[in-house]
Structure formats: structure tokens, C-alpha cells
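A quick write-up on the structure given underneath.
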Amino acid sequence: MPAQATILHADLDAFYASVEQLLDPTLRGRPIAVGGGVVLAASYEAKRFGVQGGMSGWMAKRLCPGLTFVGGHFREYQRLADQVMEVLGDFTPWVQRISIDEAFLDVTGSVHLFGPPHAIGTRIRERVRDEIGLPISVGAATTKHLAKIASQVAKPDGLVVVPPSREREFLDPLPVSLVWGIGPVTRQRLAERGIHTIGELAAYPDQSLRALLGRALGTKLAAFAVNHDERRVRRNGRASSVGAQSAFGRREPDAELIRAVLGHLADRVAGRLRASGRAGRTVTVRVRFPPLNAVTRSSTRRYPVSTTLTLTEIAEHLVHQALADHRDRSEISLLAVSVSNLVGEAAIQLELPLLPDDAERPGSREAVNRWAAERSMDAVRERFGRESVGYASVALSPRQSVPDDFRALAEHDL
DNA sequence: TCTGGGGTCCTAGGACCC
DNA sequence: TCTGGGGTCCTAGGACCC
């Protein structure tokens, strides 16, 4: 029984951009960005100029005048990433995919088949390069967290193995921002205390850390500092919430706009819920007021929701509530709808007495009608495509909106 | 020319129950 | 007839991740 686990973190490099360069050889070696109005991904050649994901297109162009924007081949991203995950699965059944382009592998039991961590990492990188044509970085260590840091250090296109005896030596000089869970706000808060490196973080008293960052994060970081970290690689579970959002620039929040956008969002969300046989009791909306302040309103229902019409009505009510609380704001720039507190099919199909006609109550005539109408619409769409029937997609500055195929990449399994 | 979209987890206060 | 403590659920906001 091995006392120590061996965990790998495999992470495709500048994934979307690498796929574009794979598909079109004339793009190789050049600074490119996937996207347009906003940068969804940048190649390493572009990153050298400071171009980053999430950045607006004009800003990226200003940093890197030679930048080429390419339209996304979103289906290809999914297909190629799935192929990579299959390769990973050849080395161990213990693969935890954490996003489209990265995964943890527990290879503790694979060492007798494939050799030490360094050999496994090397073999994975060769196979992904030879069989799929993409660069991938790999980190290896005794915990997930450390393996992930190692792969970040390995990038681009590298392999870093942290031997168990040299963990402190490896970690201490690294910036705290490499620690999972430390973002800009926490990094700033730590910097104000003179903490910049992981070594300095480790030396900081646990109590003070908790006082500074709150119980959960403080405890987590304290545990991390002494390497008492979560190391179990779980296989992937199901999502616990489903949502959709749409940004549309500054608009006056008139009732018509709100109904149109929410109808569209609710359609996406409820459609995915029905497709996976789930429904959720809590409906949350988010309203963003320019430039970036957002408020949320939520409502937990007695019965789980999965029809577009019901979800739209609830969301509309919540949005109007939020707007009423912020009458001073004359414009909004984003609406979001999400459903949580999910339950499975069995819990949805409750038979209840058919008394008052409440659209949210399972078994009521109205609920059955809605459900049936939308299920038949789902069926038509399945055969003839999403656009064939149903809620007209909202014609809001279409150049700003992101294609459905791109949205699908970010969806978690329901 | 301002900043996309899909998620998870934590905190804090209040309601309510035992 | 005042007080207490714990647990659970809900709501709103926020940090963070990819």
C-alpha cells in the first residue's frame, strides 16, 4: 500500500488558440486571439504582448497591433478535448475533468504499468502531441493542489514533477497567486500584510490567516501551507445549478426588453433541465447596472420548476422586484437566470390532488399543459434544430452575443 | 472602444423550530 | 414568564475558477 499518492494535473496550453493553429497552419507562430468583441483565448505569441482572456478586443489590439482575430471552431474544441480526455483515461480510470481542457489523474496505481510519474507525464505529453497535435502541460505531485501548481509552472508545453522530499523547496519562492482560491482581492489583502510568496504565507500564523481571510479560506490555506491537502481525485459528479446570462450593453429596462431577454434565457435553462430530467426549487436572477455592480434576487418555490413559461414568469417577477429596489438606476447591461436546489425526475412526478389550477403545482391542469407543450417543442427541436420552433431568439445587437456552440462548451454535465 | 458566459463555494443575518 | 442554544432553511452579496 503506497503511503503517498501520485496525482497528475494535465492542462492543455492556450487551448482554443492552439486548436485554431492546429486547424490552420498559417496561424502557427503568430499572435492570435479567438473571439472578437472580447478575447476568449489568446495564443502564447499574443500573451507575450499582455493579451489575456476576458479582455476587450480593442484593448488587445492596442497591446498587440499584429494580433489576428479568428472565429471559433467551437465544435472542434469539444471534439479534440474529448479525445485528449480519452488518452488520459488510458493511464488510469481515476480521471477528474475539471473543465473542458484540464483534468486531474490519480496514477498511484499505474506506476507499476507505466513507470514513475516523470515517465507517465512524458508519455501523456507525447501521445497528445502525436495523436491529436496539441501541446499539453503536466504537473505531478502528491496532492491535487500541488500538481496543479506544478502544471502552471510547467507551462507552456512542459512537465514538472515535484518530488515529495522537495515540496517546500519548490513552493516557498512561488507567488501566492498560484494557490487555488487566491484571486486578485485576496492577493491584495495578503500583499498589504507583506505576504507575497507561498513561503511567507506558510510562515504566517494560522489564527491571523483566519482573521484576515475568513474561516474557510484561512483554514484551507493554513492546511495547504503544511501540505495537509485534499488529494482525492473524484470522478465527475453532476452540476448543482444551471444558469444562463446575456449581456446587451446599456439599455433602458423596459418591460418588453426584460420579457424578451428572460424568455430567451429561461428557454435555455429550462430546456437543459428537461433534457436531463431535472428541475429546481430556487430561481435566482441577476441584474447588472452599468458599469459592473450587480444585484441578485432569488425565490425558493414549493415545487421544482422546469418549464420555460413558469421560469420566465418567476424570473420576470424577481427582476421587477430588483428594479423597484433600485429606481435610481436608469440603465441595465445584463440579465441572468439560474436555477438551483435541483432534484431528479422522481421528485418531479409527484401526483397531487387536482384542485386549484396552480401552474407550479405538479399535476395541476395548467402545469400538465405547460409541460406537455414544451416537451413536444423539445421533440421538434431535437429533429429540426433549435431555431425551428419556439421563442424567437432575441435580436439584441447580435454582434455582441456569443454563439450557442460557445456557450455549450462551458456547460457542466447536468 | 469598457469588460462574455457557465459554474462553485462562503459569509452573514433573519426566520423558524425544537 | 423570561431565557437559552442549536439546527436548518432562505436570501443577498461576493470571491473565485475556467
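FYI, nothing fancy with the C-alpha cells labels: chains A, B, ... in order, residues from 1 per chain, ligands from 1 as they appear.
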
From a backbone DSSP assignment, name each residue in segment 282-355 of chain A labelled strand (DSSP E), as a PDB file with N, CA and C atoms, in the first residue's frame.
```pdb
ATOM      1  N   THR A 282     -35.109  26.636  -6.487  1.00  0.00           N
ATOM      2  CA  THR A 282     -34.709  28.019  -6.267  1.00  0.00           C
ATOM      3  C   THR A 282     -34.388  28.712  -7.590  1.00  0.00           C
ATOM      4  N   VAL A 283     -35.035  29.826  -7.819  1.00  0.00           N
ATOM      5  CA  VAL A 283     -34.808  30.613  -9.022  1.00  0.00           C
ATOM      6  C   VAL A 283     -34.084  31.893  -8.609  1.00  0.00           C
ATOM      7  N   THR A 284     -32.971  32.180  -9.269  1.00  0.00           N
ATOM      8  CA  THR A 284     -32.213  33.384  -8.941  1.00  0.00           C
ATOM      9  C   THR A 284     -32.028  34.218 -10.200  1.00  0.00           C
ATOM     10  N   VAL A 285     -32.231  35.508 -10.080  1.00  0.00           N
ATOM     11  CA  VAL A 285     -31.929  36.392 -11.206  1.00  0.00           C
ATOM     12  C   VAL A 285     -30.832  37.353 -10.773  1.00  0.00           C
ATOM     13  N   ARG A 286     -30.101  37.820 -11.769  1.00  0.00           N
ATOM     14  CA  ARG A 286     -29.081  38.823 -11.511  1.00  0.00           C
ATOM     15  C   ARG A 286     -29.308  39.970 -12.479  1.00  0.00           C
ATOM     16  N   VAL A 287     -29.232  41.157 -11.967  1.00  0.00           N
ATOM     17  CA  VAL A 287     -29.389  42.342 -12.800  1.00  0.00           C
ATOM     18  C   VAL A 287     -28.118  43.153 -12.638  1.00  0.00           C
ATOM     19  N   ARG A 288     -27.492  43.465 -13.750  1.00  0.00           N
ATOM     20  CA  ARG A 288     -26.278  44.274 -13.648  1.00  0.00           C
ATOM     21  C   ARG A 288     -26.573  45.695 -14.091  1.00  0.00           C
ATOM     22  N   PHE A 289     -26.175  46.637 -13.242  1.00  0.00           N
ATOM     23  CA  PHE A 289     -26.296  48.055 -13.561  1.00  0.00           C
ATOM     24  C   PHE A 289     -24.927  48.543 -14.006  1.00  0.00           C
ATOM     25  N   ASN A 293     -21.860  46.952 -11.218  1.00  0.00           N
ATOM     26  CA  ASN A 293     -22.499  46.497  -9.980  1.00  0.00           C
ATOM     27  C   ASN A 293     -23.734  45.663 -10.298  1.00  0.00           C
ATOM     28  N   ALA A 294     -23.829  44.574  -9.588  1.00  0.00           N
ATOM     29  CA  ALA A 294     -24.940  43.674  -9.855  1.00  0.00           C
ATOM     30  C   ALA A 294     -25.673  43.355  -8.557  1.00  0.00           C
ATOM     31  N   VAL A 295     -26.967  43.113  -8.686  1.00  0.00           N
ATOM     32  CA  VAL A 295     -27.729  42.651  -7.536  1.00  0.00           C
ATOM     33  C   VAL A 295     -28.414  41.344  -7.907  1.00  0.00           C
ATOM     34  N   THR A 296     -28.743  40.551  -6.903  1.00  0.00           N
ATOM     35  CA  THR A 296     -29.454  39.309  -7.167  1.00  0.00           C
ATOM     36  C   THR A 296     -30.739  39.300  -6.358  1.00  0.00           C
ATOM     37  N   ARG A 297     -31.715  38.577  -6.884  1.00  0.00           N
ATOM     38  CA  ARG A 297     -32.944  38.316  -6.145  1.00  0.00           C
ATOM     39  C   ARG A 297     -33.260  36.857  -6.366  1.00  0.00           C
ATOM     40  N   SER A 298     -33.686  36.198  -5.333  1.00  0.00           N
ATOM     41  CA  SER A 298     -33.981  34.779  -5.507  1.00  0.00           C
ATOM     42  C   SER A 298     -35.273  34.415  -4.799  1.00  0.00           C
ATOM     43  N   SER A 299     -35.818  33.312  -5.223  1.00  0.00           N
ATOM     44  CA  SER A 299     -37.055  32.837  -4.629  1.00  0.00           C
ATOM     45  C   SER A 299     -37.038  31.319  -4.625  1.00  0.00           C
ATOM     46  N   THR A 300     -37.307  30.747  -3.463  1.00  0.00           N
ATOM     47  CA  THR A 300     -37.358  29.295  -3.367  1.00  0.00           C
ATOM     48  C   THR A 300     -38.813  28.875  -3.369  1.00  0.00           C
ATOM     49  N   ARG A 301     -39.158  28.025  -4.324  1.00  0.00           N
ATOM     50  CA  ARG A 301     -40.552  27.645  -4.538  1.00  0.00           C
ATOM     51  C   ARG A 301     -40.876  26.370  -3.794  1.00  0.00           C
ATOM     52  N   ARG A 302     -42.144  26.171  -3.647  1.00  0.00           N
ATOM     53  CA  ARG A 302     -42.582  24.937  -3.008  1.00  0.00           C
ATOM     54  C   ARG A 302     -42.318  23.741  -3.925  1.00  0.00           C
ATOM     55  N   TYR A 303     -42.537  23.926  -5.218  1.00  0.00           N
ATOM     56  CA  TYR A 303     -42.366  22.827  -6.167  1.00  0.00           C
ATOM     57  C   TYR A 303     -41.241  23.138  -7.148  1.00  0.00           C
ATOM     58  N   PRO A 304     -40.514  22.119  -7.575  1.00  0.00           N
ATOM     59  CA  PRO A 304     -39.425  22.325  -8.533  1.00  0.00           C
ATOM     60  C   PRO A 304     -39.953  22.810  -9.882  1.00  0.00           C
ATOM     61  N   VAL A 305     -39.198  23.667 -10.508  1.00  0.00           N
ATOM     62  CA  VAL A 305     -39.579  24.287 -11.782  1.00  0.00           C
ATOM     63  C   VAL A 305     -38.748  23.704 -12.916  1.00  0.00           C
ATOM     64  N   ILE A 332     -29.663  49.131 -17.467  1.00  0.00           N
ATOM     65  CA  ILE A 332     -29.111  47.831 -17.076  1.00  0.00           C
ATOM     66  C   ILE A 332     -28.282  47.296 -18.236  1.00  0.00           C
ATOM     67  N   SER A 333     -27.352  46.380 -17.944  1.00  0.00           N
ATOM     68  CA  SER A 333     -26.485  45.891 -19.016  1.00  0.00           C
ATOM     69  C   SER A 333     -26.423  44.365 -19.092  1.00  0.00           C
ATOM     70  N   LEU A 334     -27.034  43.688 -18.148  1.00  0.00           N
ATOM     71  CA  LEU A 334     -27.002  42.224 -18.193  1.00  0.00           C
ATOM     72  C   LEU A 334     -28.142  41.649 -17.365  1.00  0.00           C
ATOM     73  N   LEU A 335     -28.691  40.546 -17.852  1.00  0.00           N
ATOM     74  CA  LEU A 335     -29.666  39.786 -17.064  1.00  0.00           C
ATOM     75  C   LEU A 335     -29.205  38.335 -17.016  1.00  0.00           C
ATOM     76  N   ALA A 336     -29.418  37.702 -15.885  1.00  0.00           N
ATOM     77  CA  ALA A 336     -29.060  36.300 -15.748  1.00  0.00           C
ATOM     78  C   ALA A 336     -30.160  35.567 -15.006  1.00  0.00           C
ATOM     79  N   VAL A 337     -30.336  34.309 -15.354  1.00  0.00           N
ATOM     80  CA  VAL A 337     -31.321  33.460 -14.690  1.00  0.00           C
ATOM     81  C   VAL A 337     -30.618  32.173 -14.302  1.00  0.00           C
ATOM     82  N   SER A 338     -30.793  31.739 -13.075  1.00  0.00           N
ATOM     83  CA  SER A 338     -30.258  30.425 -12.756  1.00  0.00           C
ATOM     84  C   SER A 338     -31.198  29.685 -11.818  1.00  0.00           C
ATOM     85  N   VAL A 339     -31.104  28.374 -11.891  1.00  0.00           N
ATOM     86  CA  VAL A 339     -31.971  27.509 -11.099  1.00  0.00           C
ATOM     87  C   VAL A 339     -31.086  26.579 -10.277  1.00  0.00           C
ATOM     88  N   SER A 340     -31.345  26.510  -8.976  1.00  0.00           N
ATOM     89  CA  SER A 340     -30.555  25.623  -8.119  1.00  0.00           C
ATOM     90  C   SER A 340     -31.492  24.835  -7.221  1.00  0.00           C
ATOM     91  N   ASN A 341     -30.897  24.123  -6.245  1.00  0.00           N
ATOM     92  CA  ASN A 341     -31.723  23.242  -5.412  1.00  0.00           C
ATOM     93  C   ASN A 341     -32.343  22.174  -6.301  1.00  0.00           C
ATOM     94  N   LEU A 342     -31.524  21.572  -7.140  1.00  0.00           N
ATOM     95  CA  LEU A 342     -32.039  20.670  -8.172  1.00  0.00           C
ATOM     96  C   LEU A 342     -32.484  19.331  -7.601  1.00  0.00           C
ATOM     97  N   VAL A 343     -33.527  18.821  -8.192  1.00  0.00           N
ATOM     98  CA  VAL A 343     -33.998  17.481  -7.841  1.00  0.00           C
ATOM     99  C   VAL A 343     -34.153  16.679  -9.131  1.00  0.00           C
ATOM    100  N   GLY A 344     -34.205  15.358  -8.991  1.00  0.00           N
ATOM    101  CA  GLY A 344     -34.306  14.485 -10.162  1.00  0.00           C
ATOM    102  C   GLY A 344     -35.736  14.215 -10.557  1.00  0.00           C
TER     103      GLY A 344
END
```

Which residues come within 8 Å of DC16 of chain C, counting only C-alpha atoms (C1' of nucleotides), excluding same-chain residues fewer than 6 positions away, as a ChimeraX atom specification? /A:181-183

How would the residues just picked look written out with C-alpha atoms as a PDB file, in the first residue's frame?
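This went into result-v7.pdb:
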```
ATOM      1  CA  GLY A 181      -8.566  30.133  -4.292  1.00  0.00           C
ATOM      2  CA  ILE A 182      -6.357  33.210  -4.168  1.00  0.00           C
ATOM      3  CA  GLY A 183      -7.606  35.757  -6.674  1.00  0.00           C
TER       4      GLY A 183
END
```

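Counting from atom CA of Ala244 of chain A, the distance to atom CA of Leu262 of chain A is 9.6 Å.
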
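Closest approach to chain C from the set A:Asp11, A:Glu252, A:Asp90, A:Asp404 is made by A:Asp11, with distances taken over only C-alpha atoms (C1' of nucleotides).
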
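The interface of chain C with chain A at 9 Å, considering only C-alpha atoms (C1' of nucleotides), consists of DC10, DT11, DA12, DG13, DA15, DC16, DC17 and DC18 of chain C.
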
Would you write out those residues with C-alpha atoms (C1' of nucleotides), as a CSV table (one decimal), in the first residue's frame?
```
chain,number,residue,atom,x,y,z
C,10,DC,C1',-33.7,31.1,3.0
C,11,DT,C1',-31.8,35.4,0.9
C,12,DA,C1',-28.2,38.6,-0.8
C,13,DG,C1',-23.7,39.6,-1.8
C,15,DA,C1',-14.7,35.9,-4.4
C,16,DC,C1',-13.1,32.8,-7.4
C,17,DC,C1',-12.4,29.3,-11.2
C,18,DC,C1',-12.2,28.0,-16.2
```

Exercise for the section: Write out as a PyMOL selection string all residues of segment 251-365 of chain A that DSSP puts in alpha helix (DSSP H) for this structure's backbone. Expected result: chain A and resi 255-275+308-324+345-348+365
